[in-house]
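Colleague: What follows is structure_10.cif, mmCIF, C-alpha atoms.
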data_protein
#
loop_
_atom_site.label_atom_id
_atom_site.label_comp_id
_atom_site.auth_asym_id
_atom_site.auth_seq_id
_atom_site.Cartn_x
_atom_site.Cartn_y
_atom_site.Cartn_z
CA MET A 1 -41.09 -120.18 98.85
CA GLN A 2 -38.13 -122.48 99.48
CA ARG A 3 -34.67 -121.86 97.99
CA ILE A 4 -32.56 -124.98 97.33
CA ALA A 5 -28.86 -125.00 96.43
CA ILE A 6 -28.06 -128.01 94.24
CA ILE A 7 -24.41 -129.04 93.91
CA ALA A 8 -22.29 -132.09 93.15
CA ASP A 9 -18.77 -133.28 92.44
CA THR A 10 -16.86 -130.91 94.69
CA HIS A 11 -13.80 -133.24 94.77
CA VAL A 12 -12.02 -131.40 97.60
CA PRO A 13 -9.06 -131.88 98.01
CA SER A 14 -8.11 -134.39 95.29
CA ARG A 15 -8.96 -132.14 92.31
CA GLU A 16 -9.69 -128.73 93.83
CA ARG A 17 -8.47 -126.94 96.98
CA ASP A 18 -11.82 -125.57 98.20
CA VAL A 19 -15.36 -124.64 97.31
CA PRO A 20 -15.45 -121.23 95.56
CA ASP A 21 -16.60 -118.24 97.62
CA TRP A 22 -19.59 -117.57 95.34
CA VAL A 23 -20.82 -121.17 95.89
CA VAL A 24 -20.36 -120.74 99.65
CA ALA A 25 -22.56 -117.60 99.48
CA GLU A 26 -25.27 -119.51 97.57
CA LEU A 27 -25.19 -122.36 100.12
CA ARG A 28 -25.56 -119.91 103.00
CA ALA A 29 -28.49 -118.16 101.28
CA ALA A 30 -30.39 -121.42 100.67
CA ASP A 31 -33.08 -122.94 102.86
CA ARG A 32 -31.88 -126.44 101.88
CA THR A 33 -28.86 -127.91 100.10
CA ILE A 34 -28.69 -131.00 97.90
CA HIS A 35 -25.28 -132.57 97.17
CA ALA A 36 -25.28 -135.37 94.58
CA GLY A 37 -22.06 -137.01 95.73
CA ASP A 38 -18.28 -136.93 95.33
CA PHE A 39 -17.43 -134.68 98.24
CA ASP A 40 -14.10 -136.55 98.09
CA SER A 41 -13.19 -136.13 101.78
CA ARG A 42 -14.76 -136.02 105.22
CA GLN A 43 -13.51 -132.43 105.58
CA ALA A 44 -15.37 -131.37 102.42
CA TYR A 45 -18.55 -133.09 103.66
CA ASP A 46 -18.30 -131.38 107.07
CA ARG A 47 -17.80 -127.96 105.45
CA ILE A 48 -20.82 -128.36 103.13
CA ASP A 49 -22.92 -129.70 106.02
CA ALA A 50 -22.00 -126.67 108.17
CA LEU A 51 -22.82 -124.26 105.33
CA ALA A 52 -26.20 -125.99 104.89
CA ASN A 53 -27.07 -125.26 108.53
CA GLY A 54 -28.36 -128.79 109.15
CA ALA A 55 -30.51 -128.82 106.01
CA LEU A 56 -28.31 -131.04 103.82
CA THR A 57 -29.59 -133.92 101.70
CA ALA A 58 -26.58 -135.81 100.36
CA VAL A 59 -25.69 -139.08 98.68
CA ARG A 60 -22.54 -141.13 98.28
CA GLY A 61 -20.46 -140.71 95.14
CA ASN A 62 -17.92 -143.12 93.74
CA THR A 63 -14.96 -141.21 95.26
CA ASP A 64 -16.42 -140.68 98.73
CA PRO A 65 -14.62 -142.39 101.62
CA PRO A 66 -16.51 -144.68 104.01
CA THR A 67 -16.22 -142.03 106.75
CA ILE A 68 -18.99 -140.12 104.97
CA ASP A 69 -22.11 -141.91 106.17
CA VAL A 70 -24.70 -141.01 103.57
CA PRO A 71 -26.93 -143.27 101.43
CA HIS A 72 -26.60 -144.03 97.72
CA THR A 73 -30.03 -142.49 97.11
CA ALA A 74 -32.11 -140.00 99.09
CA THR A 75 -35.57 -138.52 98.67
CA LEU A 76 -36.54 -135.01 99.66
CA GLU A 77 -40.01 -133.45 99.45
CA VAL A 78 -40.16 -129.66 99.35
CA GLY A 79 -43.42 -127.79 98.91
CA GLY A 80 -45.06 -130.45 96.76
CA VAL A 81 -41.96 -131.30 94.68
CA THR A 82 -40.22 -134.65 95.25
CA PHE A 83 -36.49 -134.77 94.56
CA VAL A 84 -34.69 -138.12 94.28
CA VAL A 85 -30.94 -137.70 94.62
CA THR A 86 -28.37 -140.21 93.37
CA HIS A 87 -24.81 -139.90 92.15
CA GLY A 88 -25.45 -141.81 88.93
CA THR A 89 -22.22 -143.80 88.76
CA GLY A 90 -21.16 -145.73 85.67
CA THR A 91 -20.26 -144.69 82.16
CA PRO A 92 -21.59 -141.45 80.70
CA THR A 93 -23.49 -143.52 78.12
CA GLY A 94 -26.93 -144.17 79.56
CA TRP A 95 -26.41 -141.85 82.56
CA HIS A 96 -29.64 -139.88 81.95
CA GLU A 97 -31.73 -143.05 81.76
CA ARG A 98 -30.10 -144.63 84.86
CA VAL A 99 -30.73 -141.52 86.94
CA ALA A 100 -34.34 -141.22 85.72
CA GLU A 101 -34.98 -144.90 86.45
CA THR A 102 -33.57 -144.53 89.97
CA ALA A 103 -35.94 -141.62 90.56
CA ARG A 104 -38.93 -143.58 89.26
CA SER A 105 -38.11 -146.60 91.43
CA GLU A 106 -37.44 -144.58 94.62
CA ALA A 107 -40.22 -141.98 94.46
CA SER A 108 -43.79 -142.44 95.62
CA VAL A 109 -45.02 -139.82 93.13
CA ASP A 110 -45.53 -140.05 89.37
CA GLU A 111 -43.28 -137.15 88.37
CA PRO A 112 -40.22 -136.89 90.62
CA VAL A 113 -37.26 -134.64 89.91
CA ALA A 114 -34.05 -136.63 89.61
CA VAL A 115 -30.80 -135.02 90.74
CA GLY A 116 -27.50 -136.68 89.85
CA GLY A 117 -23.82 -135.95 89.56
CA HIS A 118 -20.81 -137.99 88.37
CA ILE A 119 -20.49 -136.79 84.76
CA HIS A 120 -19.60 -133.15 85.66
CA ASP A 121 -21.91 -131.91 82.89
CA VAL A 122 -24.79 -129.49 83.41
CA VAL A 123 -28.04 -131.27 82.58
CA ASP A 124 -31.66 -130.13 82.66
CA THR A 125 -33.76 -132.47 80.55
CA THR A 126 -36.75 -134.78 80.76
CA VAL A 127 -36.50 -138.56 80.36
CA LYS A 128 -39.83 -140.42 80.11
CA GLY A 129 -41.63 -137.86 82.29
CA VAL A 130 -38.83 -137.44 84.85
CA ARG A 131 -37.01 -134.12 84.99
CA VAL A 132 -33.30 -134.91 85.28
CA LEU A 133 -30.90 -132.34 86.74
CA ASN A 134 -27.13 -132.40 87.05
CA PRO A 135 -25.56 -129.23 88.44
CA GLY A 136 -22.11 -130.06 87.02
CA SER A 137 -19.16 -129.59 89.38
CA ALA A 138 -19.42 -126.88 92.05
CA THR A 139 -15.64 -126.46 91.97
CA GLY A 140 -15.07 -126.88 88.25
CA ALA A 141 -13.25 -130.18 88.85
CA ALA A 142 -12.12 -131.85 85.63
CA PRO A 143 -13.57 -132.77 83.26
CA ALA A 144 -15.83 -129.72 83.89
CA ASP A 145 -14.65 -126.52 82.22
CA ARG A 146 -16.05 -124.21 84.95
CA ALA A 147 -17.69 -124.26 88.37
CA THR A 148 -21.48 -124.59 88.18
CA MET A 149 -24.48 -125.22 90.40
CA TYR A 150 -28.24 -124.84 90.36
CA VAL A 151 -30.37 -122.66 92.58
CA ALA A 152 -33.93 -123.96 92.64
CA THR A 153 -37.02 -122.39 94.11
CA VAL A 154 -40.20 -124.21 94.99
CA ASP A 155 -43.31 -122.10 95.36
CA ASP A 156 -46.67 -123.82 95.87
CA GLY A 157 -45.60 -126.94 93.97
CA THR A 158 -43.91 -125.07 91.13
CA LEU A 159 -40.19 -125.69 90.56
CA THR A 160 -37.93 -123.08 88.98
CA VAL A 161 -34.27 -123.92 88.34
CA GLU A 162 -31.52 -121.42 87.53
CA LEU A 163 -27.93 -122.22 86.58
CA ARG A 164 -25.22 -120.33 88.47
CA THR A 165 -21.61 -120.11 87.37
CA GLU A 166 -18.62 -117.94 88.12
#
Step by step, read the file and then write its structure as structure tokens.

Modeller:
Amino acid sequence: MQRIAIIADTHVPSRERDVPDWVVAELRAADRTIHAGDFDSRQAYDRIDALANGALTAVRGNTDPPTIDVPHTATLEVGGVTFVVTHGTGTPTGWHERVAETARSEASVDEPVAVGGHIHDVVDTTVKGVRVLNPGSATGAAPADRATMYVATVDDGTLTVELRTE
């Protein structure tokens, strides 16, 4: 069984001072970490990368500086589940469909799991056969009303996702 911490929109330091201690504990406990963009600074990226112990899959968000050298989309296969990660920039209208379409176009499997950020809303829904996840903001950065993240487990091709909040 693999444990995956899924976070996004940390926005350190422009909107929040640091990642909450409870999120840090979840990152340390995970086998892998996914960050769906908007670290906001190289320092925030380096901290998350260190907490992920070299097992970080991350993408660029619309507020990330060029010193963070990550792609706009990334694909990760864990135990028979394919995750396609993108930030999902643009207006909130149509966000779910854009993220699902990115997953369909990037994945080599029929039913990928799309992970996005940007809107700071917790999402777990299905769009045309693609499960779409957004963990919200791991620091509670506005417009989020609280810090949130997902902890996923993959066991023999079965994905379970649990919301964590402070």

Colleague: In terms of the shortest atom-to-atom distance over only C-alpha atoms, which of A:Ala100, A:Arg3, A:Glu16, A:Asp40 is closest to A:Arg28?

Modeller: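 The shortest atom-to-atom distance to A:Arg28 comes from A:Arg3.
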
Colleague: My list of candidates is A:Thr63, A:Thr93, A:Asn134, A:Ser14. Which is closest to A:Ile34 when distances are computed with all atoms listed in the file?

Modeller: A:Asn134

Colleague: Record the distance separating atom CA of A:Thr165 and atom CA of A:Val127, expressed in Å with one decimal.

Modeller: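 So the two atoms, atom CA of A:Thr165 and atom CA of A:Val127, lie 24.7 Å apart.
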
Colleague: In Å to one decimal, how far is atom CA of A:Ala50 from atom CA of A:Asp69?

Modeller: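 Those two atoms sit 15.4 Å apart.
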
Colleague: What's around A:Ala144 at 7 Å? Count all atoms listed in the file, leave out sequence neighbours fewer than 3 positions away in its own chain, and write the answer as an MDAnalysis selection string.

Modeller: chainID A and resid 120:121 137 140:141

Colleague: Taking only C-alpha atoms into account, name the residue in A:Val161, A:Gly79, A:Asp21, A:Thr86 that is nearest to A:Leu51.

Modeller: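 Distance minimum relative to A:Leu51 lands on A:Asp21.
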
Colleague: Determine the axis-aligned bounding box of all atoms of stretch 15-31 of chain A present in the file, pad each side by 8 Å, and express its centre and edge lengths in Å to one decimal place as AutoDock Vina command-line options.

Modeller:
--center_x -20.8 --center_y -124.9 --center_z 97.7 --size_x 40.6 --size_y 30.6 --size_z 26.7

Colleague: Work out how far apart atom CA of A:Phe83 and atom CA of A:Asn53 are and give it in Å to one decimal.

Modeller: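 Answer for the atom CA of A:Phe83 to atom CA of A:Asn53 separation: 19.3 Å.
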
Colleague: Would you list the contacts of A:Glu101 as a list in words, taking every protein, DNA or RNA residue within 9 Å and counting all atoms listed in the file, but skipping same-chain residues closer than 4 positions in sequence?

Modeller: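 Near neighbours after the sequence-gap exclusion: His96, Glu97, Ser105, Glu106, Ala114, Val127 and Val130 of chain A.
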
Colleague: Between A:His118, A:Lys128, A:Arg32, A:Arg98, which is the closest to A:Gly54 once you count all atoms listed in the file?

Modeller: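 Of A:His118, A:Lys128, A:Arg32, A:Arg98, the one nearest A:Gly54, counting all atoms listed in the file, is A:Arg32.
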